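Structure first, commentary second.
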Amino acid sequence: MSEPQTPTLSQRLARFAAETTFETLPSDVVESVRGRILDILGICLAATPLPTSRAAMRWAETQGGAAQATAFGLRERVPATSAAFVNGVLAHSLDYDDTHLPSVLHPSASVVPAALAAAEANRATGAQTMAAIAVGIEVCVRIGMAGYDRQAGNSTFFEHGQHATSIAGAMGSAVAVGMLSGLDEDGISNALGVAASMASGIIESNRTGGTVKRMHCGWAAHSAVSAAQLVALGFTGPPTVLEGRFGFFQAWLHGNFDPAEITRGLGEEWAVPDIFFKPYPANHFTHAAIDAALALRAGGLRSEEVERIELGVAAATVRTVGEPIEVKRAPQTGYMAQFSAPFVIAAALSGGGGLGLGLDDFTDERAADPELRTVMSAVSVVADAECDAIFPHQFPGILRVRTVDGRELVERVLVNRGGPGRPLTFEELGAKFRDNAERVLGPESIERMRDVLARFEHLDDVGEALDVGGARGPPGPPPPQTHSVSRGK
């Protein structure tokens, strides 16, 4: 008798997906997924006015096809692939989506849009959709962590100029979509195999500009839905797609990966609840500075009292939020302000919206505000050994302020708000959602949508969560099903 073959990595992930149901999810995973759906949909709504969002919507409209799923900003339903693309673009366009550490992945921005599009097209229940999102995010993070170099403290993807968020996101999203499309274990493995040939994303735009990064999570979600649909029609992928000689990790990382990051505790240990929500719409490296400035302001410090400010951060983050310092002290746009430590400190000391700073604090006008520029000119950003010892498991910051009357104030923020050490409550996520959604929806629609999302697992059809006046026009005919999904909860 021949020895049974050891399952490949994609087969292990597919089995995990096939065996996971809503009932098997730990309670903290359920609550985490509920919050991530609420968070991503609020961000999508807030992002609809952006020029890149409008471009994505127009592109989707030109593609034609069956009316299957909701794309925010469009009046009529579009094919599930197009809805996944549009909503994925929206979800990642404001730098407001969640972050996994230490991989620095933003998993929900592709997985949630892909899963919702597939769920709406296939008339899946809320419980089925939550299970699929949980598994998809978990797979995304584990694949991303397989490419994380713990010794170097950095993602090998990033060292190669690759956007791990969209590359790993396409893979995790494909698993989620496969679950919602009625694929069995072999089908989900094949979906991973097909999606691997579609996963993509390079991050040169972070260095020299361009808006293409906003497209990455949309394309990851589009690829995931496409991959599952192609598998359902007969396409197959290699079972060794991840670890094979010419597989995913060889192609992207030259074979330098840790397979144990994918398999260790799979199905028993979940990364999902530990992913950091973003309380502020700015680069995550700036968040400790925001918290420190808010704390000093709450203690009575006012902008006009500042003589100079020194922000200590991990050395690896200085170039992102503090260099070149002349540029960071004078951001030309609201988008540049999102990556400026001097700006966020000045804005927080003057008082902001949302959960401390909101989207309205990152406008072009605010970036050029003379009073804020005065404070920005007093800010220096330096590497700090205490922060280095904690990074990248947190993005810490230490704010040292000298006042005009000679006082020395120090505020340490070593644990980021929004992570497992300082979690946001569902009510705080609801406040963030309202702040985002009110840009396109009226109060009644916002409350209705939030109420529906709060009971998401009880929905018989997830389309109910997306059918809100203002997000799109009146619904057309019921979306056709692409595959039947068992409706057992």
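By order in the structure tokens, chains are A, B, ...; within a chain, residues start at 1; ligands start at 1, following the order shown.
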
With 12 Å as the cut-off and only C-alpha atoms counted, what is the closest atom pair between each nearby residue of region 316-336 of chain A and region 90-109 of chain A? Distances in Å to one decimal, ordered by chain and number, as JSON lines.
{"residue": "A:Gly334", "atom": "CA", "partner": "A:Leu94", "partner_atom": "CA", "distance": 10.8}
{"residue": "A:Tyr335", "atom": "CA", "partner": "A:Leu94", "partner_atom": "CA", "distance": 8.6}
{"residue": "A:Met336", "atom": "CA", "partner": "A:Asp95", "partner_atom": "CA", "distance": 11.5}

Contacts of Val415 (chain A) at 8 Å (only C-alpha atoms; same-chain gap of 5+ positions) as a PyMOL selection string: chain A and resi 288+394-396+421-422

Exercise: region 270-281 of chain A partners within 8 Å, only C-alpha atoms, chain neighbours under 2 positions left out, as a ChimeraX atom specification: /A:28-29,32-33,94-101,134,137-138,141,266-268,283-284,287,338,354-359,417-420,424,432

Which of region 165-319 of chain A fall in alpha helix (DSSP H), as a VMD selection string: chain A and resid 165 to 180 185 to 195 205 to 208 213 to 232 248 to 253 260 to 263 287 to 298 315 to 319

Atom-to-atom span, CA of Thr62 (chain A) and CA of Gly42 (chain A), Å: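 One can read the CA of Thr62 (chain A) to CA of Gly42 (chain A) distance as 25.6 Å.
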
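Between CA of Gly126 (chain A) and CA of Leu41 (chain A) the separation is 14.8 Å.
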
Residues flagged strand (DSSP E or B) by DSSP in region 1-233 of chain A, as a list of chain:residue names: A:Ala69, A:Val78, A:Thr99, A:His100, A:Leu105, A:Tyr148, A:Asp149, A:Asn154, A:Ser155, A:Gln162, A:Ile202

Near-Ala383 (chain A) list (10 Å; only C-alpha atoms; drop same-chain fewer than 2 positions) as a ChimeraX atom specification: /A:311-319,322,381,385-388,397

Write the selection just made, keeping all heavy atoms, as a JSON list (two decimals), in the first residue's frame?
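Writing the result to result-v4.json gives the following:
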[["chain", "number", "residue", "atom", "x", "y", "z"],
["A", 311, "LEU", "N", 10.01, 64.40, 18.37],
["A", 311, "LEU", "CA", 9.30, 63.13, 18.33],
["A", 311, "LEU", "C", 10.32, 62.01, 18.13],
["A", 311, "LEU", "O", 11.03, 61.99, 17.13],
["A", 311, "LEU", "CB", 8.27, 63.10, 17.20],
["A", 311, "LEU", "CG", 7.60, 61.74, 16.96],
["A", 311, "LEU", "CD1", 6.73, 61.35, 18.16],
["A", 311, "LEU", "CD2", 6.78, 61.74, 15.68],
["A", 312, "GLY", "N", 10.37, 61.08, 19.07],
["A", 312, "GLY", "CA", 11.21, 59.90, 18.93],
["A", 312, "GLY", "C", 10.39, 58.74, 18.42],
["A", 312, "GLY", "O", 9.31, 58.45, 18.96],
["A", 313, "VAL", "N", 10.86, 58.09, 17.38],
["A", 313, "VAL", "CA", 10.17, 56.95, 16.78],
["A", 313, "VAL", "C", 11.20, 55.88, 16.45],
["A", 313, "VAL", "O", 12.42, 56.09, 16.55],
["A", 313, "VAL", "CB", 9.41, 57.36, 15.50],
["A", 313, "VAL", "CG1", 8.28, 58.32, 15.82],
["A", 313, "VAL", "CG2", 10.36, 57.97, 14.47],
["A", 314, "ALA", "N", 10.73, 54.72, 16.01],
["A", 314, "ALA", "CA", 11.64, 53.67, 15.55],
["A", 314, "ALA", "C", 12.42, 54.18, 14.34],
["A", 314, "ALA", "O", 11.88, 54.88, 13.48],
["A", 314, "ALA", "CB", 10.86, 52.42, 15.20],
["A", 315, "ALA", "N", 13.68, 53.82, 14.27],
["A", 315, "ALA", "CA", 14.55, 54.33, 13.20],
["A", 315, "ALA", "C", 13.99, 54.04, 11.82],
["A", 315, "ALA", "O", 14.11, 54.86, 10.91],
["A", 315, "ALA", "CB", 15.94, 53.73, 13.35],
["A", 316, "ALA", "N", 13.38, 52.87, 11.67],
["A", 316, "ALA", "CA", 12.88, 52.47, 10.35],
["A", 316, "ALA", "C", 11.74, 53.34, 9.85],
["A", 316, "ALA", "O", 11.43, 53.35, 8.66],
["A", 316, "ALA", "CB", 12.44, 51.01, 10.38],
["A", 317, "THR", "N", 11.10, 54.09, 10.74],
["A", 317, "THR", "CA", 9.93, 54.89, 10.35],
["A", 317, "THR", "C", 10.26, 56.36, 10.12],
["A", 317, "THR", "O", 9.43, 57.10, 9.63],
["A", 317, "THR", "CB", 8.82, 54.79, 11.41],
["A", 317, "THR", "OG1", 9.22, 55.48, 12.60],
["A", 317, "THR", "CG2", 8.53, 53.35, 11.77],
["A", 318, "VAL", "N", 11.48, 56.79, 10.50],
["A", 318, "VAL", "CA", 11.84, 58.20, 10.37],
["A", 318, "VAL", "C", 11.71, 58.66, 8.92],
["A", 318, "VAL", "O", 11.18, 59.75, 8.63],
["A", 318, "VAL", "CB", 13.27, 58.46, 10.89],
["A", 318, "VAL", "CG1", 13.70, 59.90, 10.60],
["A", 318, "VAL", "CG2", 13.34, 58.20, 12.38],
["A", 319, "ARG", "N", 12.18, 57.86, 7.98],
["A", 319, "ARG", "CA", 12.17, 58.29, 6.58],
["A", 319, "ARG", "C", 10.77, 58.45, 6.03],
["A", 319, "ARG", "O", 10.55, 59.22, 5.09],
["A", 319, "ARG", "CB", 12.94, 57.28, 5.73],
["A", 319, "ARG", "CG", 12.34, 55.88, 5.72],
["A", 319, "ARG", "CD", 13.21, 54.91, 4.95],
["A", 319, "ARG", "NE", 12.66, 53.55, 4.99],
["A", 319, "ARG", "CZ", 13.25, 52.50, 4.42],
["A", 319, "ARG", "NH1", 14.41, 52.65, 3.80],
["A", 319, "ARG", "NH2", 12.69, 51.30, 4.50],
["A", 322, "GLY", "N", 9.28, 61.60, 8.79],
["A", 322, "GLY", "CA", 10.10, 62.72, 9.21],
["A", 322, "GLY", "C", 11.16, 63.19, 8.24],
["A", 322, "GLY", "O", 11.93, 64.10, 8.56],
["A", 381, "VAL", "N", 12.03, 65.06, 14.12],
["A", 381, "VAL", "CA", 11.73, 63.63, 14.22],
["A", 381, "VAL", "C", 13.05, 62.89, 14.27],
["A", 381, "VAL", "O", 13.90, 63.05, 13.38],
["A", 381, "VAL", "CB", 10.89, 63.15, 13.02],
["A", 381, "VAL", "CG1", 10.54, 61.67, 13.19],
["A", 381, "VAL", "CG2", 9.62, 63.99, 12.89],
["A", 385, "ALA", "N", 15.90, 54.70, 20.68],
["A", 385, "ALA", "CA", 16.25, 53.32, 20.99],
["A", 385, "ALA", "C", 15.11, 52.60, 21.70],
["A", 385, "ALA", "O", 14.89, 51.39, 21.48],
["A", 385, "ALA", "CB", 17.52, 53.29, 21.85],
["A", 386, "GLU", "N", 14.39, 53.29, 22.56],
["A", 386, "GLU", "CA", 13.27, 52.67, 23.26],
["A", 386, "GLU", "C", 12.19, 52.22, 22.28],
["A", 386, "GLU", "O", 11.60, 51.16, 22.41],
["A", 386, "GLU", "CB", 12.69, 53.64, 24.29],
["A", 386, "GLU", "CG", 11.60, 53.02, 25.17],
["A", 386, "GLU", "CD", 11.12, 53.97, 26.26],
["A", 386, "GLU", "OE1", 11.66, 55.10, 26.37],
["A", 386, "GLU", "OE2", 10.19, 53.58, 26.99],
["A", 387, "CYS", "N", 11.96, 53.03, 21.26],
["A", 387, "CYS", "CA", 10.98, 52.68, 20.23],
["A", 387, "CYS", "C", 11.50, 51.55, 19.34],
["A", 387, "CYS", "O", 10.74, 50.66, 18.94],
["A", 387, "CYS", "CB", 10.65, 53.90, 19.38],
["A", 387, "CYS", "SG", 9.80, 55.22, 20.28],
["A", 388, "ASP", "N", 12.80, 51.57, 19.04],
["A", 388, "ASP", "CA", 13.39, 50.50, 18.24],
["A", 388, "ASP", "C", 13.21, 49.14, 18.89],
["A", 388, "ASP", "O", 13.03, 48.13, 18.20],
["A", 388, "ASP", "CB", 14.88, 50.76, 18.03],
["A", 388, "ASP", "CG", 15.16, 51.77, 16.93],
["A", 388, "ASP", "OD1", 14.32, 51.90, 16.01],
["A", 388, "ASP", "OD2", 16.21, 52.44, 16.98],
["A", 397, "GLY", "N", 5.89, 55.90, 19.87],
["A", 397, "GLY", "CA", 6.39, 57.26, 19.74],
["A", 397, "GLY", "C", 6.55, 57.90, 21.11],
["A", 397, "GLY", "O", 5.79, 57.61, 22.03]]

Pick out the residues sitting within 12 Å of Arg34 (chain A), and hand them over as an mmCIF file with N, CA, C and O atoms, in the first residue's frame; count only C-alpha atoms, and ignore anything fewer than 4 positions along from it in its own chain.
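Wrote it out as around_23.cif, contents follow:
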data_model
loop_
_atom_site.group_PDB
_atom_site.id
_atom_site.type_symbol
_atom_site.label_atom_id
_atom_site.label_comp_id
_atom_site.auth_asym_id
_atom_site.auth_seq_id
_atom_site.Cartn_x
_atom_site.Cartn_y
_atom_site.Cartn_z
ATOM 1 N N SER A 27 -15.529 33.411 19.464
ATOM 2 C CA SER A 27 -16.355 34.614 19.628
ATOM 3 C C SER A 27 -15.560 35.886 19.338
ATOM 4 O O SER A 27 -16.111 36.849 18.784
ATOM 5 N N ASP A 28 -14.270 35.914 19.697
ATOM 6 C CA ASP A 28 -13.504 37.134 19.429
ATOM 7 C C ASP A 28 -13.262 37.327 17.939
ATOM 8 O O ASP A 28 -13.161 38.468 17.456
ATOM 9 N N VAL A 29 -13.219 36.233 17.172
ATOM 10 C CA VAL A 29 -13.089 36.344 15.721
ATOM 11 C C VAL A 29 -14.383 36.899 15.133
ATOM 12 O O VAL A 29 -14.363 37.765 14.251
ATOM 13 N N VAL A 30 -15.519 36.424 15.616
ATOM 14 C CA VAL A 30 -16.813 36.922 15.135
ATOM 15 C C VAL A 30 -16.919 38.423 15.358
ATOM 16 O O VAL A 30 -17.285 39.187 14.452
ATOM 17 N N LEU A 38 -18.023 46.686 9.238
ATOM 18 C CA LEU A 38 -18.495 48.051 9.519
ATOM 19 C C LEU A 38 -17.438 49.074 9.111
ATOM 20 O O LEU A 38 -17.742 50.088 8.452
ATOM 21 N N ASP A 39 -16.198 48.808 9.480
ATOM 22 C CA ASP A 39 -15.115 49.745 9.221
ATOM 23 C C ASP A 39 -14.884 49.927 7.719
ATOM 24 O O ASP A 39 -14.804 51.061 7.225
ATOM 25 N N ILE A 40 -14.788 48.828 6.981
ATOM 26 C CA ILE A 40 -14.493 48.911 5.551
ATOM 27 C C ILE A 40 -15.628 49.587 4.794
ATOM 28 O O ILE A 40 -15.388 50.416 3.896
ATOM 29 N N LEU A 41 -16.867 49.288 5.143
ATOM 30 C CA LEU A 41 -17.971 49.911 4.420
ATOM 31 C C LEU A 41 -18.021 51.415 4.681
ATOM 32 O O LEU A 41 -18.325 52.199 3.773
ATOM 33 N N SER A 108 -8.154 43.589 5.247
ATOM 34 C CA SER A 108 -9.605 43.717 5.056
ATOM 35 C C SER A 108 -9.970 44.469 3.792
ATOM 36 O O SER A 108 -11.069 44.293 3.249
ATOM 37 N N VAL A 112 -12.733 41.911 2.385
ATOM 38 C CA VAL A 112 -14.138 42.284 2.624
ATOM 39 C C VAL A 112 -14.844 42.655 1.323
ATOM 40 O O VAL A 112 -15.944 42.138 1.054
ATOM 41 N N GLY A 126 -25.510 36.132 6.021
ATOM 42 C CA GLY A 126 -24.528 36.885 6.767
ATOM 43 C C GLY A 126 -23.557 35.986 7.508
ATOM 44 O O GLY A 126 -22.357 36.266 7.572
ATOM 45 N N ALA A 127 -24.065 34.883 8.074
ATOM 46 C CA ALA A 127 -23.204 33.958 8.805
ATOM 47 C C ALA A 127 -22.171 33.334 7.882
ATOM 48 O O ALA A 127 -20.984 33.221 8.226
ATOM 49 N N THR A 129 -21.017 34.595 5.164
ATOM 50 C CA THR A 129 -20.101 35.646 4.731
ATOM 51 C C THR A 129 -19.086 35.974 5.810
ATOM 52 O O THR A 129 -17.897 36.173 5.521
ATOM 53 N N MET A 130 -19.519 36.031 7.061
ATOM 54 C CA MET A 130 -18.582 36.296 8.143
ATOM 55 C C MET A 130 -17.537 35.199 8.260
ATOM 56 O O MET A 130 -16.348 35.474 8.489
ATOM 57 N N ALA A 131 -17.953 33.949 8.091
ATOM 58 C CA ALA A 131 -16.985 32.849 8.139
ATOM 59 C C ALA A 131 -15.974 32.967 7.010
ATOM 60 O O ALA A 131 -14.768 32.767 7.203
ATOM 61 N N ILE A 133 -15.068 35.719 5.378
ATOM 62 C CA ILE A 133 -14.182 36.858 5.615
ATOM 63 C C ILE A 133 -13.124 36.502 6.651
ATOM 64 O O ILE A 133 -11.931 36.833 6.492
ATOM 65 N N ALA A 134 -13.534 35.822 7.725
ATOM 66 C CA ALA A 134 -12.578 35.426 8.760
ATOM 67 C C ALA A 134 -11.475 34.555 8.178
ATOM 68 O O ALA A 134 -10.279 34.782 8.420
ATOM 69 N N VAL A 272 -6.793 37.124 13.236
ATOM 70 C CA VAL A 272 -7.805 38.144 12.905
ATOM 71 C C VAL A 272 -8.070 39.129 14.039
ATOM 72 O O VAL A 272 -8.064 40.351 13.812
ATOM 73 N N PRO A 273 -8.281 38.682 15.290
ATOM 74 C CA PRO A 273 -8.618 39.664 16.335
ATOM 75 C C PRO A 273 -7.490 40.618 16.678
ATOM 76 O O PRO A 273 -7.728 41.672 17.274
ATOM 77 N N THR A 425 -13.632 50.022 20.782
ATOM 78 C CA THR A 425 -14.903 49.356 21.024
ATOM 79 C C THR A 425 -15.757 49.411 19.757
ATOM 80 O O THR A 425 -15.479 50.179 18.829
ATOM 81 N N PHE A 426 -16.804 48.589 19.723
ATOM 82 C CA PHE A 426 -17.700 48.632 18.577
ATOM 83 C C PHE A 426 -18.364 49.999 18.484
ATOM 84 O O PHE A 426 -18.654 50.487 17.386
ATOM 85 N N LEU A 429 -15.866 52.223 16.793
ATOM 86 C CA LEU A 429 -15.887 51.913 15.364
ATOM 87 C C LEU A 429 -17.154 52.472 14.724
ATOM 88 O O LEU A 429 -17.135 52.917 13.574
ATOM 89 N N GLY A 430 -18.261 52.445 15.475
ATOM 90 C CA GLY A 430 -19.496 53.033 14.975
ATOM 91 C C GLY A 430 -19.378 54.531 14.790
ATOM 92 O O GLY A 430 -19.905 55.101 13.827
ATOM 93 N N ARG A 450 -25.924 50.861 9.969
ATOM 94 C CA ARG A 450 -25.185 50.426 11.152
ATOM 95 C C ARG A 450 -25.968 49.357 11.910
ATOM 96 O O ARG A 450 -25.396 48.371 12.399
ATOM 97 N N ASP A 451 -27.272 49.519 12.018
ATOM 98 C CA ASP A 451 -28.089 48.521 12.710
ATOM 99 C C ASP A 451 -28.050 47.185 11.982
ATOM 100 O O ASP A 451 -27.973 46.114 12.613
ATOM 101 N N VAL A 452 -28.110 47.226 10.638
ATOM 102 C CA VAL A 452 -28.056 45.988 9.865
ATOM 103 C C VAL A 452 -26.705 45.314 10.053
ATOM 104 O O VAL A 452 -26.621 44.084 10.234
ATOM 105 N N LEU A 453 -25.633 46.083 10.041
ATOM 106 C CA LEU A 453 -24.301 45.510 10.199
ATOM 107 C C LEU A 453 -24.106 44.932 11.597
ATOM 108 O O LEU A 453 -23.372 43.951 11.767
ATOM 109 N N ALA A 454 -24.757 45.517 12.599
ATOM 110 C CA ALA A 454 -24.633 45.014 13.961
ATOM 111 C C ALA A 454 -25.249 43.622 14.115
ATOM 112 O O ALA A 454 -24.851 42.860 15.007
ATOM 113 N N ARG A 455 -26.193 43.264 13.242
ATOM 114 C CA ARG A 455 -26.812 41.928 13.281
ATOM 115 C C ARG A 455 -26.494 41.148 12.001
ATOM 116 O O ARG A 455 -27.295 40.352 11.532
ATOM 117 N N PHE A 456 -25.321 41.377 11.497
ATOM 118 C CA PHE A 456 -24.940 40.858 10.185
ATOM 119 C C PHE A 456 -25.100 39.343 10.090
ATOM 120 O O PHE A 456 -25.555 38.819 9.069
ATOM 121 N N GLU A 457 -24.722 38.620 11.136
ATOM 122 C CA GLU A 457 -24.767 37.158 11.053
ATOM 123 C C GLU A 457 -26.180 36.603 10.949
ATOM 124 O O GLU A 457 -26.376 35.431 10.598
ATOM 125 N N HIS A 458 -27.177 37.426 11.217
ATOM 126 C CA HIS A 458 -28.566 36.968 11.138
ATOM 127 C C HIS A 458 -29.216 37.269 9.792
ATOM 128 O O HIS A 458 -30.380 36.904 9.566
#
